[in-house]
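To start, the structure itself, in structure tokens.
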Amino acid sequence: MRMAGARARGRHQVYGCPGGGAAARPLCIFISTAAPRSVVDIAEEQEPDYQSARIETVGFLDPYGMEGLAVLRSEDGKEFHVRAFSGEVAKHIVCMSDADAAPIQIPSVYSMISDICEENEIVLVKVKVYQSGSVLRANLYLTGRKDVVLKNYRASDAIALASLYKIPILVRKNLLRDQDDAGNGQAGGATGR
């Protein structure tokens, strides 16, 4: 994942963290290729209409850090630009993705979900991102004492949780575009709200 300086990315202008720091280092998250169905089974084959992706870049669409952008890249080099989510979520994604960073001490909804999962002996294992109308949604797959599928949540929050847990991000194939086309067109840059 990259995040530093202002640069063009597709048709989006991406602004990095002020001052660079740990967030400016390249970072890669390993994503497995297993895909869930309604009951979580890690050994299942990947569904044909979803493809595994990793977070390539996180940044901001504005110089004030109010609107976030994340670029997800599949193993075959296709991209999906997730845009129009809060800059705060983008900052969380960067902080949670940095393996060298100290754990975040400030309470957040992500640490709350992590605590709830820990107390109930369940763990988030996969997220699936899809488009619903003009917005992005995600299903979250948890397993442990009980298998749970949480449906129709904000994709940006699911991506943030995936970066926290270092788990697969599965993207519907029709959202992925070649790198040159990823920032153009509705599906290549749907909103994360």
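Just remember, in the structure tokens the first chain shown is A, the second B, etc., residues are 1-based per chain, and ligands are 1-based in the order shown.
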
Task: Near-stretch 112-128 of chain A list (10 Å; only C-alpha atoms; drop same-chain fewer than 2 positions) as number ranges by chain - done: A: 31-32, 34-36, 40-42, 50-52, 107-110, 130, 137-152, 155, 158-159, 161-162, 164-172

Selected residues, N, CA and C atoms, written as a compact mmCIF listing (two decimals), in the first residue's frame, please.
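New file again-v1.txt:
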# COMPACT_ATOMS: atom_id res chain seq x y z
N ILE A 31 -3.44 -11.74 1.02
CA ILE A 31 -4.86 -12.08 0.94
C ILE A 31 -4.96 -13.50 0.38
N SER A 32 -5.64 -14.39 1.10
CA SER A 32 -5.79 -15.75 0.59
C SER A 32 -6.88 -15.78 -0.47
N ALA A 34 -9.37 -18.19 -0.71
CA ALA A 34 -10.59 -18.91 -0.35
C ALA A 34 -11.76 -17.94 -0.26
N ALA A 35 -12.94 -18.39 -0.64
CA ALA A 35 -14.12 -17.54 -0.61
C ALA A 35 -15.27 -18.25 0.10
N PRO A 36 -16.04 -17.52 0.90
CA PRO A 36 -17.11 -18.15 1.67
C PRO A 36 -18.43 -18.19 0.92
N VAL A 40 -19.47 -20.27 6.79
CA VAL A 40 -18.05 -20.04 6.62
C VAL A 40 -17.29 -21.35 6.65
N ASP A 41 -16.54 -21.62 5.59
CA ASP A 41 -15.67 -22.78 5.52
C ASP A 41 -14.43 -22.33 4.76
N ILE A 42 -13.34 -22.19 5.47
CA ILE A 42 -12.13 -21.63 4.88
C ILE A 42 -11.62 -22.49 3.73
N TYR A 50 -16.35 -13.70 -7.71
CA TYR A 50 -15.55 -12.86 -6.81
C TYR A 50 -14.08 -13.15 -7.03
N GLN A 51 -13.25 -12.12 -6.83
CA GLN A 51 -11.82 -12.28 -6.96
C GLN A 51 -11.12 -11.65 -5.76
N SER A 52 -10.07 -12.30 -5.30
CA SER A 52 -9.30 -11.81 -4.17
C SER A 52 -8.53 -10.55 -4.57
N PRO A 107 -9.97 4.54 21.42
CA PRO A 107 -11.10 3.65 21.11
C PRO A 107 -11.75 4.03 19.78
N SER A 108 -12.11 3.03 19.02
CA SER A 108 -12.81 3.24 17.75
C SER A 108 -13.83 2.13 17.59
N VAL A 109 -14.67 2.26 16.59
CA VAL A 109 -15.65 1.22 16.32
C VAL A 109 -14.94 -0.07 15.93
N TYR A 110 -13.77 0.04 15.31
CA TYR A 110 -13.03 -1.15 14.90
C TYR A 110 -12.46 -1.89 16.11
N TYR A 130 -19.35 -5.67 -2.82
CA TYR A 130 -20.21 -5.67 -3.99
C TYR A 130 -20.92 -4.33 -4.10
N ARG A 137 -21.34 -2.07 -0.75
CA ARG A 137 -21.70 -2.78 0.47
C ARG A 137 -20.75 -3.96 0.62
N ALA A 138 -20.79 -4.57 1.79
CA ALA A 138 -19.94 -5.74 2.03
C ALA A 138 -20.63 -6.69 2.99
N ASN A 139 -20.34 -7.95 2.82
CA ASN A 139 -20.74 -8.97 3.77
C ASN A 139 -19.50 -9.36 4.56
N LEU A 140 -19.67 -9.53 5.86
CA LEU A 140 -18.57 -9.90 6.75
C LEU A 140 -18.81 -11.31 7.24
N TYR A 141 -17.80 -12.16 7.14
CA TYR A 141 -17.90 -13.57 7.50
C TYR A 141 -17.07 -13.83 8.75
N LEU A 142 -17.76 -14.28 9.81
CA LEU A 142 -17.10 -14.55 11.08
C LEU A 142 -17.27 -16.03 11.43
N THR A 143 -16.29 -16.58 12.11
CA THR A 143 -16.37 -17.97 12.53
C THR A 143 -15.77 -18.11 13.92
N GLY A 144 -16.12 -19.16 14.58
CA GLY A 144 -15.66 -19.44 15.94
C GLY A 144 -16.63 -20.41 16.58
N ARG A 145 -17.15 -20.02 17.75
CA ARG A 145 -18.17 -20.86 18.38
C ARG A 145 -19.38 -21.01 17.47
N LYS A 146 -19.62 -19.98 16.67
CA LYS A 146 -20.77 -19.96 15.76
C LYS A 146 -20.34 -19.25 14.48
N ASP A 147 -20.82 -19.72 13.33
CA ASP A 147 -20.55 -19.05 12.07
C ASP A 147 -21.60 -17.96 11.87
N VAL A 148 -21.14 -16.76 11.52
CA VAL A 148 -22.03 -15.62 11.37
C VAL A 148 -21.70 -14.90 10.06
N VAL A 149 -22.74 -14.49 9.32
CA VAL A 149 -22.56 -13.65 8.14
C VAL A 149 -23.34 -12.37 8.38
N LEU A 150 -22.63 -11.24 8.42
CA LEU A 150 -23.27 -9.93 8.57
C LEU A 150 -23.38 -9.34 7.18
N LYS A 151 -24.59 -9.01 6.76
CA LYS A 151 -24.82 -8.59 5.38
C LYS A 151 -25.14 -7.10 5.25
N ASN A 152 -24.69 -6.55 4.11
CA ASN A 152 -25.08 -5.22 3.66
C ASN A 152 -24.49 -4.09 4.52
N ALA A 155 -18.88 -0.82 2.79
CA ALA A 155 -17.67 -1.46 2.27
C ALA A 155 -16.42 -0.85 2.88
N ALA A 158 -15.78 -2.45 6.17
CA ALA A 158 -15.36 -3.84 6.00
C ALA A 158 -13.91 -3.91 5.54
N ILE A 159 -13.51 -3.00 4.65
CA ILE A 159 -12.11 -2.96 4.19
C ILE A 159 -11.19 -2.58 5.35
N LEU A 161 -11.73 -3.22 8.53
CA LEU A 161 -11.63 -4.41 9.38
C LEU A 161 -10.75 -5.48 8.73
N ALA A 162 -10.82 -5.62 7.42
CA ALA A 162 -9.95 -6.57 6.73
C ALA A 162 -8.48 -6.20 6.92
N LEU A 164 -7.30 -4.62 9.52
CA LEU A 164 -7.00 -4.90 10.92
C LEU A 164 -6.70 -6.39 11.12
N TYR A 165 -7.54 -7.26 10.56
CA TYR A 165 -7.41 -8.70 10.74
C TYR A 165 -6.49 -9.36 9.71
N LYS A 166 -6.05 -8.60 8.70
CA LYS A 166 -5.19 -9.16 7.63
C LYS A 166 -5.89 -10.34 6.96
N ILE A 167 -7.12 -10.12 6.54
CA ILE A 167 -7.96 -11.19 5.97
C ILE A 167 -8.30 -10.89 4.51
N PRO A 168 -8.86 -11.88 3.81
CA PRO A 168 -9.20 -11.70 2.40
C PRO A 168 -10.25 -10.62 2.16
N ILE A 169 -10.00 -9.85 1.11
CA ILE A 169 -11.00 -8.91 0.59
C ILE A 169 -11.40 -9.48 -0.76
N LEU A 170 -12.63 -9.93 -0.87
CA LEU A 170 -13.12 -10.50 -2.10
C LEU A 170 -13.99 -9.45 -2.78
N VAL A 171 -13.67 -9.15 -4.04
CA VAL A 171 -14.37 -8.11 -4.79
C VAL A 171 -15.11 -8.76 -5.94
N ARG A 172 -16.36 -8.35 -6.14
CA ARG A 172 -17.12 -8.87 -7.27
C ARG A 172 -16.36 -8.53 -8.55

Task: Nearest to A:Glu75, chosen from A:Val129, A:Ile55, A:Cys95, A:Ala160, with only C-alpha atoms counted in the distances - done: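 Going through A:Val129, A:Ile55, A:Cys95, A:Ala160 one by one, the smallest distance to A:Glu75 is for A:Ile55.
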
Task: Selection near A:Glu67, 7 Å with only C-alpha atoms, sequence-local residues under 4 positions removed, as an MDAnalysis selection string - done: chainID A and resid 60:62 84:87

Residues from the last selection, N, CA and C atoms, saved as a PDB file, in the first residue's frame:
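And here's part26.pdb as it stands now:
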ATOM      1  N   PHE A  60      -6.341  10.347   0.076  1.00  0.00           N
ATOM      2  CA  PHE A  60      -7.466  11.269   0.199  1.00  0.00           C
ATOM      3  C   PHE A  60      -7.750  11.916  -1.148  1.00  0.00           C
ATOM      4  N   LEU A  61      -9.012  12.214  -1.405  1.00  0.00           N
ATOM      5  CA  LEU A  61      -9.401  12.880  -2.641  1.00  0.00           C
ATOM      6  C   LEU A  61      -9.329  14.391  -2.521  1.00  0.00           C
ATOM      7  N   ASP A  62      -9.152  14.889  -1.312  1.00  0.00           N
ATOM      8  CA  ASP A  62      -9.078  16.326  -1.092  1.00  0.00           C
ATOM      9  C   ASP A  62      -7.862  16.634  -0.232  1.00  0.00           C
ATOM     10  N   ALA A  84     -15.093   8.135  -1.975  1.00  0.00           N
ATOM     11  CA  ALA A  84     -16.214   8.822  -1.310  1.00  0.00           C
ATOM     12  C   ALA A  84     -16.562   8.212   0.038  1.00  0.00           C
ATOM     13  N   PHE A  85     -15.546   7.828   0.805  1.00  0.00           N
ATOM     14  CA  PHE A  85     -15.773   7.456   2.196  1.00  0.00           C
ATOM     15  C   PHE A  85     -14.959   8.410   3.056  1.00  0.00           C
ATOM     16  N   SER A  86     -15.182   8.402   4.338  1.00  0.00           N
ATOM     17  CA  SER A  86     -14.571   9.417   5.191  1.00  0.00           C
ATOM     18  C   SER A  86     -13.056   9.268   5.265  1.00  0.00           C
ATOM     19  N   GLY A  87     -12.400  10.410   5.367  1.00  0.00           N
ATOM     20  CA  GLY A  87     -10.957  10.430   5.541  1.00  0.00           C
ATOM     21  C   GLY A  87     -10.532   9.745   6.827  1.00  0.00           C
TER      22      GLY A  87
END

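Across the model, the gap from atom CA of A:Leu136 to atom CA of A:Arg154 is 6.6 Å.
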
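Across A:Gln179, A:Ser163, A:Asn174, A:Ser111, the tightest approach to A:Met96 is made by A:Ser163 when counting only C-alpha atoms.
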